[in-house]
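The file data-v2.pdb contains PDB, C-alpha atoms:
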```
ATOM      1  CA  MET A1471       5.876 130.944 154.477  1.00  0.00           C
ATOM      2  CA  ARG A1472       3.773 127.922 153.856  1.00  0.00           C
ATOM      3  CA  ARG A1473       6.308 126.550 151.409  1.00  0.00           C
ATOM      4  CA  SER A1474       9.227 126.897 153.778  1.00  0.00           C
ATOM      5  CA  ALA A1475       7.250 125.284 156.592  1.00  0.00           C
ATOM      6  CA  LEU A1476       6.282 122.437 154.309  1.00  0.00           C
ATOM      7  CA  ALA A1477       9.885 121.953 153.193  1.00  0.00           C
ATOM      8  CA  LEU A1478      11.088 121.986 156.812  1.00  0.00           C
ATOM      9  CA  ALA A1479       8.462 119.408 157.753  1.00  0.00           C
ATOM     10  CA  LEU A1480       9.514 117.117 154.889  1.00  0.00           C
ATOM     11  CA  ILE A1481      13.186 117.369 155.812  1.00  0.00           C
ATOM     12  CA  LEU A1482      12.475 116.574 159.464  1.00  0.00           C
ATOM     13  CA  ALA A1483      10.271 113.649 158.461  1.00  0.00           C
ATOM     14  CA  ALA A1484      12.991 112.207 156.242  1.00  0.00           C
ATOM     15  CA  VAL A1485      15.664 112.564 158.926  1.00  0.00           C
ATOM     16  CA  GLY A1486      13.386 111.232 161.649  1.00  0.00           C
ATOM     17  CA  THR A1487      12.367 108.129 159.775  1.00  0.00           C
ATOM     18  CA  ARG A1488      15.995 107.258 159.110  1.00  0.00           C
ATOM     19  CA  ALA A1489      16.827 107.516 162.785  1.00  0.00           C
ATOM     20  CA  LEU A1490      13.913 105.241 163.711  1.00  0.00           C
ATOM     21  CA  ALA A1491      14.608 102.645 161.011  1.00  0.00           C
ATOM     22  CA  GLN A1492      16.212  99.383 162.091  1.00  0.00           C
ATOM     23  CA  GLU A1493      19.107  97.735 160.285  1.00  0.00           C
ATOM     24  CA  GLU A1494      18.187  94.362 158.862  1.00  0.00           C
ATOM     25  CA  PRO A1495      20.692  91.509 158.667  1.00  0.00           C
ATOM     26  CA  PRO A1496      21.913  90.670 155.163  1.00  0.00           C
ATOM     27  CA  LEU A1497      20.075  87.877 153.357  1.00  0.00           C
ATOM     28  CA  PHE A1498      23.309  86.220 152.191  1.00  0.00           C
ATOM     29  CA  ALA A1499      26.612  86.174 154.019  1.00  0.00           C
ATOM     30  CA  ASN A1500      29.284  87.728 151.833  1.00  0.00           C
ATOM     31  CA  PRO A1501      32.610  85.941 152.123  1.00  0.00           C
ATOM     32  CA  PRO A1502      35.563  88.178 152.865  1.00  0.00           C
ATOM     33  CA  ALA A1503      37.599  89.170 149.838  1.00  0.00           C
ATOM     34  CA  PRO A1504      40.806  87.105 149.508  1.00  0.00           C
ATOM     35  CA  ALA A1505      43.896  89.010 150.433  1.00  0.00           C
ATOM     36  CA  ALA A1506      46.079  89.619 147.404  1.00  0.00           C
ATOM     37  CA  SER A1507      49.673  88.564 147.774  1.00  0.00           C
ATOM     38  CA  PRO A1508      52.078  91.467 147.316  1.00  0.00           C
ATOM     39  CA  THR A1509      54.224  89.662 144.707  1.00  0.00           C
ATOM     40  CA  PRO A1510      52.702  86.938 142.520  1.00  0.00           C
ATOM     41  CA  VAL A1511      54.673  83.713 142.268  1.00  0.00           C
ATOM     42  CA  PRO A1512      55.741  82.974 138.652  1.00  0.00           C
ATOM     43  CA  ALA A1513      54.341  79.776 137.149  1.00  0.00           C
ATOM     44  CA  LEU A1514      57.645  78.785 135.561  1.00  0.00           C
ATOM     45  CA  PRO A1515      61.185  79.706 136.500  1.00  0.00           C
ATOM     46  CA  SER A1516      62.519  82.487 134.335  1.00  0.00           C
ATOM     47  CA  ALA A1517      65.985  80.965 133.930  1.00  0.00           C
ATOM     48  CA  PRO A1518      66.385  77.499 132.365  1.00  0.00           C
ATOM     49  CA  PRO A1519      67.711  74.810 134.670  1.00  0.00           C
ATOM     50  CA  ALA A1520      71.431  74.211 134.524  1.00  0.00           C
ATOM     51  CA  SER A1521      72.661  71.335 132.424  1.00  0.00           C
ATOM     52  CA  PRO A1522      74.179  68.499 134.475  1.00  0.00           C
ATOM     53  CA  LEU A1523      77.340  68.817 132.384  1.00  0.00           C
ATOM     54  CA  GLY A1524      77.684  72.571 132.879  1.00  0.00           C
ATOM     55  CA  ALA A1525      77.135  75.403 130.463  1.00  0.00           C
ATOM     56  CA  LEU A1526      76.801  74.481 126.813  1.00  0.00           C
ATOM     57  CA  PRO A1527      78.905  76.187 124.151  1.00  0.00           C
ATOM     58  CA  PRO A1528      77.053  78.908 122.221  1.00  0.00           C
ATOM     59  CA  GLY A1529      77.352  77.360 118.745  1.00  0.00           C
ATOM     60  CA  LEU A1530      75.118  74.612 117.408  1.00  0.00           C
ATOM     61  CA  ASP A1531      77.871  72.307 116.234  1.00  0.00           C
ATOM     62  CA  PHE A1532      79.156  68.794 116.827  1.00  0.00           C
ATOM     63  CA  THR A1533      80.956  69.684 120.082  1.00  0.00           C
ATOM     64  CA  ARG A1534      77.695  70.981 121.502  1.00  0.00           C
ATOM     65  CA  TRP A1535      75.918  67.818 120.316  1.00  0.00           C
ATOM     66  CA  GLN A1536      78.493  65.763 122.212  1.00  0.00           C
ATOM     67  CA  GLN A1537      77.959  67.772 125.405  1.00  0.00           C
ATOM     68  CA  MET A1538      74.164  67.601 125.264  1.00  0.00           C
ATOM     69  CA  THR A1539      72.414  64.978 127.337  1.00  0.00           C
ATOM     70  CA  ALA A1540      70.178  62.451 125.616  1.00  0.00           C
ATOM     71  CA  ARG A1541      67.104  64.320 126.829  1.00  0.00           C
ATOM     72  CA  GLU A1542      68.411  67.640 125.469  1.00  0.00           C
ATOM     73  CA  ARG A1543      69.064  66.029 122.088  1.00  0.00           C
ATOM     74  CA  GLN A1544      65.592  64.522 122.071  1.00  0.00           C
ATOM     75  CA  THR A1545      64.040  67.881 122.989  1.00  0.00           C
ATOM     76  CA  PHE A1546      65.934  69.605 120.167  1.00  0.00           C
ATOM     77  CA  VAL A1547      64.764  67.110 117.557  1.00  0.00           C
ATOM     78  CA  GLU A1548      61.183  67.071 118.885  1.00  0.00           C
ATOM     79  CA  GLY A1549      61.089  70.864 118.682  1.00  0.00           C
ATOM     80  CA  ALA A1550      62.385  70.865 115.115  1.00  0.00           C
ATOM     81  CA  VAL A1551      59.851  68.243 114.015  1.00  0.00           C
ATOM     82  CA  ALA A1552      57.018  70.085 115.766  1.00  0.00           C
ATOM     83  CA  ALA A1553      58.013  73.374 114.121  1.00  0.00           C
ATOM     84  CA  LEU A1554      58.116  71.793 110.664  1.00  0.00           C
ATOM     85  CA  ASN A1555      54.790  70.100 111.253  1.00  0.00           C
ATOM     86  CA  ALA A1556      53.150  73.339 112.396  1.00  0.00           C
ATOM     87  CA  PHE A1557      54.583  75.191 109.395  1.00  0.00           C
ATOM     88  CA  THR A1558      53.343  72.655 106.865  1.00  0.00           C
ATOM     89  CA  GLN A1559      49.908  72.452 108.512  1.00  0.00           C
ATOM     90  CA  ARG A1560      49.606  76.225 108.257  1.00  0.00           C
ATOM     91  CA  LEU A1561      50.629  76.159 104.591  1.00  0.00           C
ATOM     92  CA  ARG A1562      48.048  73.452 103.904  1.00  0.00           C
ATOM     93  CA  THR A1563      45.251  75.531 105.393  1.00  0.00           C
ATOM     94  CA  ASP A1564      46.443  78.661 103.555  1.00  0.00           C
ATOM     95  CA  VAL A1565      46.562  76.806 100.241  1.00  0.00           C
ATOM     96  CA  SER A1566      43.136  75.278 100.763  1.00  0.00           C
ATOM     97  CA  VAL A1567      41.507  78.695 101.215  1.00  0.00           C
ATOM     98  CA  ALA A1568      43.564  80.478  98.534  1.00  0.00           C
ATOM     99  CA  ARG A1569      41.536  81.524  95.543  1.00  0.00           C
ATOM    100  CA  GLY A1570      42.823  82.712  92.228  1.00  0.00           C
ATOM    101  CA  LEU A1571      46.272  81.097  92.358  1.00  0.00           C
ATOM    102  CA  PRO A1572      47.479  79.699  89.034  1.00  0.00           C
ATOM    103  CA  HIS A1573      47.457  75.924  88.972  1.00  0.00           C
ATOM    104  CA  GLU A1574      51.202  75.771  88.337  1.00  0.00           C
ATOM    105  CA  ARG A1575      51.978  77.809  91.440  1.00  0.00           C
ATOM    106  CA  LEU A1576      49.438  75.870  93.509  1.00  0.00           C
ATOM    107  CA  ALA A1577      50.997  72.582  92.402  1.00  0.00           C
ATOM    108  CA  GLY A1578      54.443  73.848  93.426  1.00  0.00           C
ATOM    109  CA  VAL A1579      53.209  74.865  96.871  1.00  0.00           C
ATOM    110  CA  VAL A1580      51.453  71.529  97.373  1.00  0.00           C
ATOM    111  CA  LYS A1581      54.626  69.661  96.366  1.00  0.00           C
ATOM    112  CA  PHE A1582      56.712  71.774  98.759  1.00  0.00           C
ATOM    113  CA  VAL A1583      54.273  71.127 101.618  1.00  0.00           C
ATOM    114  CA  THR A1584      54.197  67.404 100.863  1.00  0.00           C
ATOM    115  CA  ASP A1585      57.990  67.166 100.729  1.00  0.00           C
ATOM    116  CA  SER A1586      58.492  69.295 103.867  1.00  0.00           C
ATOM    117  CA  ALA A1587      55.978  67.586 106.145  1.00  0.00           C
ATOM    118  CA  PRO A1588      57.492  65.184 108.708  1.00  0.00           C
ATOM    119  CA  ARG A1589      56.537  61.593 107.965  1.00  0.00           C
ATOM    120  CA  ARG A1590      58.122  59.852 110.946  1.00  0.00           C
ATOM    121  CA  ALA A1591      58.350  60.184 114.698  1.00  0.00           C
ATOM    122  CA  ALA A1592      60.981  62.444 116.228  1.00  0.00           C
ATOM    123  CA  SER A1593      62.857  59.406 117.571  1.00  0.00           C
ATOM    124  CA  ALA A1594      63.528  58.203 114.005  1.00  0.00           C
ATOM    125  CA  TYR A1595      65.097  61.554 113.077  1.00  0.00           C
ATOM    126  CA  LEU A1596      67.143  61.485 116.298  1.00  0.00           C
ATOM    127  CA  LYS A1597      68.519  58.024 115.485  1.00  0.00           C
ATOM    128  CA  GLU A1598      69.368  59.146 111.969  1.00  0.00           C
ATOM    129  CA  MET A1599      71.188  62.215 113.334  1.00  0.00           C
ATOM    130  CA  GLU A1600      73.213  59.951 115.614  1.00  0.00           C
ATOM    131  CA  ARG A1601      74.131  57.796 112.593  1.00  0.00           C
ATOM    132  CA  ILE A1602      75.179  60.907 110.673  1.00  0.00           C
ATOM    133  CA  TYR A1603      77.366  62.132 113.540  1.00  0.00           C
ATOM    134  CA  MET A1604      79.142  58.768 113.654  1.00  0.00           C
ATOM    135  CA  THR A1605      80.789  59.600 110.295  1.00  0.00           C
ATOM    136  CA  THR A1606      83.650  62.045 109.858  1.00  0.00           C
ATOM    137  CA  GLU A1607      81.669  64.020 107.273  1.00  0.00           C
ATOM    138  CA  GLY A1608      78.755  64.279 109.681  1.00  0.00           C
ATOM    139  CA  GLN A1609      80.948  65.665 112.446  1.00  0.00           C
ATOM    140  CA  LYS A1610      81.688  68.675 110.259  1.00  0.00           C
ATOM    141  CA  LEU A1611      77.984  69.581 110.100  1.00  0.00           C
ATOM    142  CA  SER A1612      76.171  71.921 112.461  1.00  0.00           C
ATOM    143  CA  ILE A1613      73.227  70.530 114.411  1.00  0.00           C
ATOM    144  CA  LEU A1614      70.757  72.183 112.042  1.00  0.00           C
ATOM    145  CA  GLU A1615      72.543  70.808 108.963  1.00  0.00           C
ATOM    146  CA  GLY A1616      72.618  67.365 110.599  1.00  0.00           C
ATOM    147  CA  PHE A1617      68.892  67.545 111.244  1.00  0.00           C
ATOM    148  CA  GLN A1618      68.233  68.644 107.664  1.00  0.00           C
ATOM    149  CA  LYS A1619      70.288  65.766 106.314  1.00  0.00           C
ATOM    150  CA  ALA A1620      68.482  63.264 108.563  1.00  0.00           C
ATOM    151  CA  PHE A1621      65.152  64.775 107.541  1.00  0.00           C
ATOM    152  CA  GLU A1622      66.019  64.476 103.841  1.00  0.00           C
ATOM    153  CA  ARG A1623      67.196  60.870 104.246  1.00  0.00           C
ATOM    154  CA  LEU A1624      64.032  59.757 106.019  1.00  0.00           C
ATOM    155  CA  ASN A1625      61.533  61.869 104.094  1.00  0.00           C
ATOM    156  CA  ILE A1626      62.246  60.621 100.599  1.00  0.00           C
ATOM    157  CA  PRO A1627      58.864  60.572  98.877  1.00  0.00           C
ATOM    158  CA  ALA A1628      57.735  57.210  97.579  1.00  0.00           C
ATOM    159  CA  ALA A1629      57.677  58.505  93.978  1.00  0.00           C
ATOM    160  CA  VAL A1630      61.394  59.416  94.098  1.00  0.00           C
ATOM    161  CA  THR A1631      62.587  56.038  95.353  1.00  0.00           C
ATOM    162  CA  PRO A1632      63.279  53.551  92.562  1.00  0.00           C
ATOM    163  CA  PRO A1633      60.525  51.020  91.988  1.00  0.00           C
ATOM    164  CA  PRO A1634      61.191  47.477  93.202  1.00  0.00           C
ATOM    165  CA  GLN A1635      62.840  45.228  90.639  1.00  0.00           C
ATOM    166  CA  ALA A1636      60.752  42.382  89.322  1.00  0.00           C
ATOM    167  CA  SER A1637      62.213  38.967  89.816  1.00  0.00           C
ATOM    168  CA  PRO A1638      63.323  37.226  86.602  1.00  0.00           C
ATOM    169  CA  SER A1639      60.786  34.840  85.153  1.00  0.00           C
ATOM    170  CA  PRO A1640      61.627  31.137  85.388  1.00  0.00           C
ATOM    171  CA  ALA A1641      61.514  30.736  81.569  1.00  0.00           C
ATOM    172  CA  ALA A1642      64.313  33.280  81.170  1.00  0.00           C
ATOM    173  CA  GLN A1643      66.804  31.177  83.161  1.00  0.00           C
ATOM    174  CA  PRO A1644      68.556  28.601  80.947  1.00  0.00           C
ATOM    175  CA  GLY A1645      69.306  25.138  82.188  1.00  0.00           C
ATOM    176  CA  THR A1646      66.568  24.891  84.776  1.00  0.00           C
ATOM    177  CA  GLN A1647      64.322  22.675  82.654  1.00  0.00           C
TER     178      GLN A1647
END
```
Final structure tokens representation of the file:
Amino acid sequence: MRRSALALALILAAVGTRALAQEEPPLFANPPAPAASPTPVPALPSAPPASPLGALPPGLDFTRWQQMTARERQTFVEGAVAALNAFTQRLRTDVSVARGLPHERLAGVVKFVTDSAPRRAASAYLKEMERIYMTTEGQKLSILEGFQKAFERLNIPAAVTPPPQASPSPAAQPGTQ
């Protein structure tokens, strides 16, 4: 009996003290949670903007090059140069950390990376592509083949180009004395 009376007294004391307790104001005012919008707005449009000249043909050929605006051509060439640059940078880092490759294979990879790395600005490749497409042979090329040809023309390594010719010495020319 004593235990049940003691338990009843403790329960009543706990309930009674809660009823007599006062609510204190919060120390810091909590800002209301921002209302979430039902549908988030996409950062970029999902469909590309329409070309001012209408829809472009599906193939990457000379007719598409003619229908592209100057900005679209520039964007194409800049993307190709950026992709090649990223690829060669990645190969350089992979080769630098590679261990155990034979020297012959390593030399071949280094030569490939050196030959494939862009050496000029994208505008130079764009101008060269325009020169290529001015010829009848160039108009038969796809855009990718035209870019490759422009890239090869402008990226000739210095060792492949013929050395400059020395001017003849003055003693070798008869009749000048």
- Out of A:Ala1568, A:Ala1591, A:Met1538, A:Met1599, which residue has the shortest atom-to-atom distance to Glu1615 of chain A when counting only C-alpha atoms?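 The closest residue to Glu1615 of chain A is A:Met1599.
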- Would you work out the distance separating atom CA of Leu1554 of chain A from atom CA of Ala1587 of chain A, expressed in Å to one decimal?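 Pair atom CA of Leu1554 of chain A / atom CA of Ala1587 of chain A returns 6.5 Å.
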- Find the residues near segment 1607-1609 of chain A: any atom within 12 Å, counting all atoms listed in the file, skip ones fewer than 3 places away on the same chain, and give them as a list in words.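 Those residues are Leu1530, Asp1531, Phe1532, Thr1533, Arg1534, Trp1535, Gln1536, Glu1598, Met1599, Glu1600, Arg1601, Ile1602, Tyr1603, Met1604, Ser1612, Ile1613, Leu1614, Glu1615, Gly1616, Phe1617, Gln1618, Lys1619 and Ala1620 of chain A.
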Selected residues written out, C-alpha atoms, as a compact mmCIF listing (two decimals), in the frame of the given file:
```
# COMPACT_ATOMS: atom_id res chain seq x y z
CA LEU A 1530 75.12 74.61 117.41
CA ASP A 1531 77.87 72.31 116.23
CA PHE A 1532 79.16 68.79 116.83
CA THR A 1533 80.96 69.68 120.08
CA ARG A 1534 77.69 70.98 121.50
CA TRP A 1535 75.92 67.82 120.32
CA GLN A 1536 78.49 65.76 122.21
CA GLU A 1598 69.37 59.15 111.97
CA MET A 1599 71.19 62.22 113.33
CA GLU A 1600 73.21 59.95 115.61
CA ARG A 1601 74.13 57.80 112.59
CA ILE A 1602 75.18 60.91 110.67
CA TYR A 1603 77.37 62.13 113.54
CA MET A 1604 79.14 58.77 113.65
CA SER A 1612 76.17 71.92 112.46
CA ILE A 1613 73.23 70.53 114.41
CA LEU A 1614 70.76 72.18 112.04
CA GLU A 1615 72.54 70.81 108.96
CA GLY A 1616 72.62 67.36 110.60
CA PHE A 1617 68.89 67.54 111.24
CA GLN A 1618 68.23 68.64 107.66
CA LYS A 1619 70.29 65.77 106.31
CA ALA A 1620 68.48 63.26 108.56
```
- Task: Grab the atom CA of Ala1577 of chain A to atom CA of Val1565 of chain A distance for me, in Å with one decimal place.
- Result: 9.9 Å
- When you draw a straight line from atom CA of Leu1561 of chain A to atom CA of Arg1543 of chain A, how long is it in Å?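 Between these atoms lies a distance of 27.4 Å.
Contact shell of Ser1586 of chain A at 9 Å (all atoms listed in the file; same-chain neighbours under 6 positions omitted): Leu1554, Asn1555, Phe1557, Thr1558, Phe1621, Glu1622 and Asn1625 of chain A.
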- Query: Which is closest to Phe1546 of chain A among A:Ala1499, A:Thr1606, A:Ser1593, A:Arg1569, if we use all atoms listed in the file?
  - Reply: A:Ser1593
- Item | Of the listed residues A:Lys1610, A:Asp1564, A:Gln1544, A:Ala1592, that which approaches Val1579 of chain A most closely, counting all atoms listed in the file |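 Result for the nearest residue to Val1579 of chain A: A:Asp1564.
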- Which is closest to Val1580 of chain A among A:Thr1563, A:Leu1497, A:Ala1553, A:Arg1541, if we use all atoms listed in the file?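 Residue with the minimum atom-to-atom distance to Val1580 of chain A: A:Thr1563.
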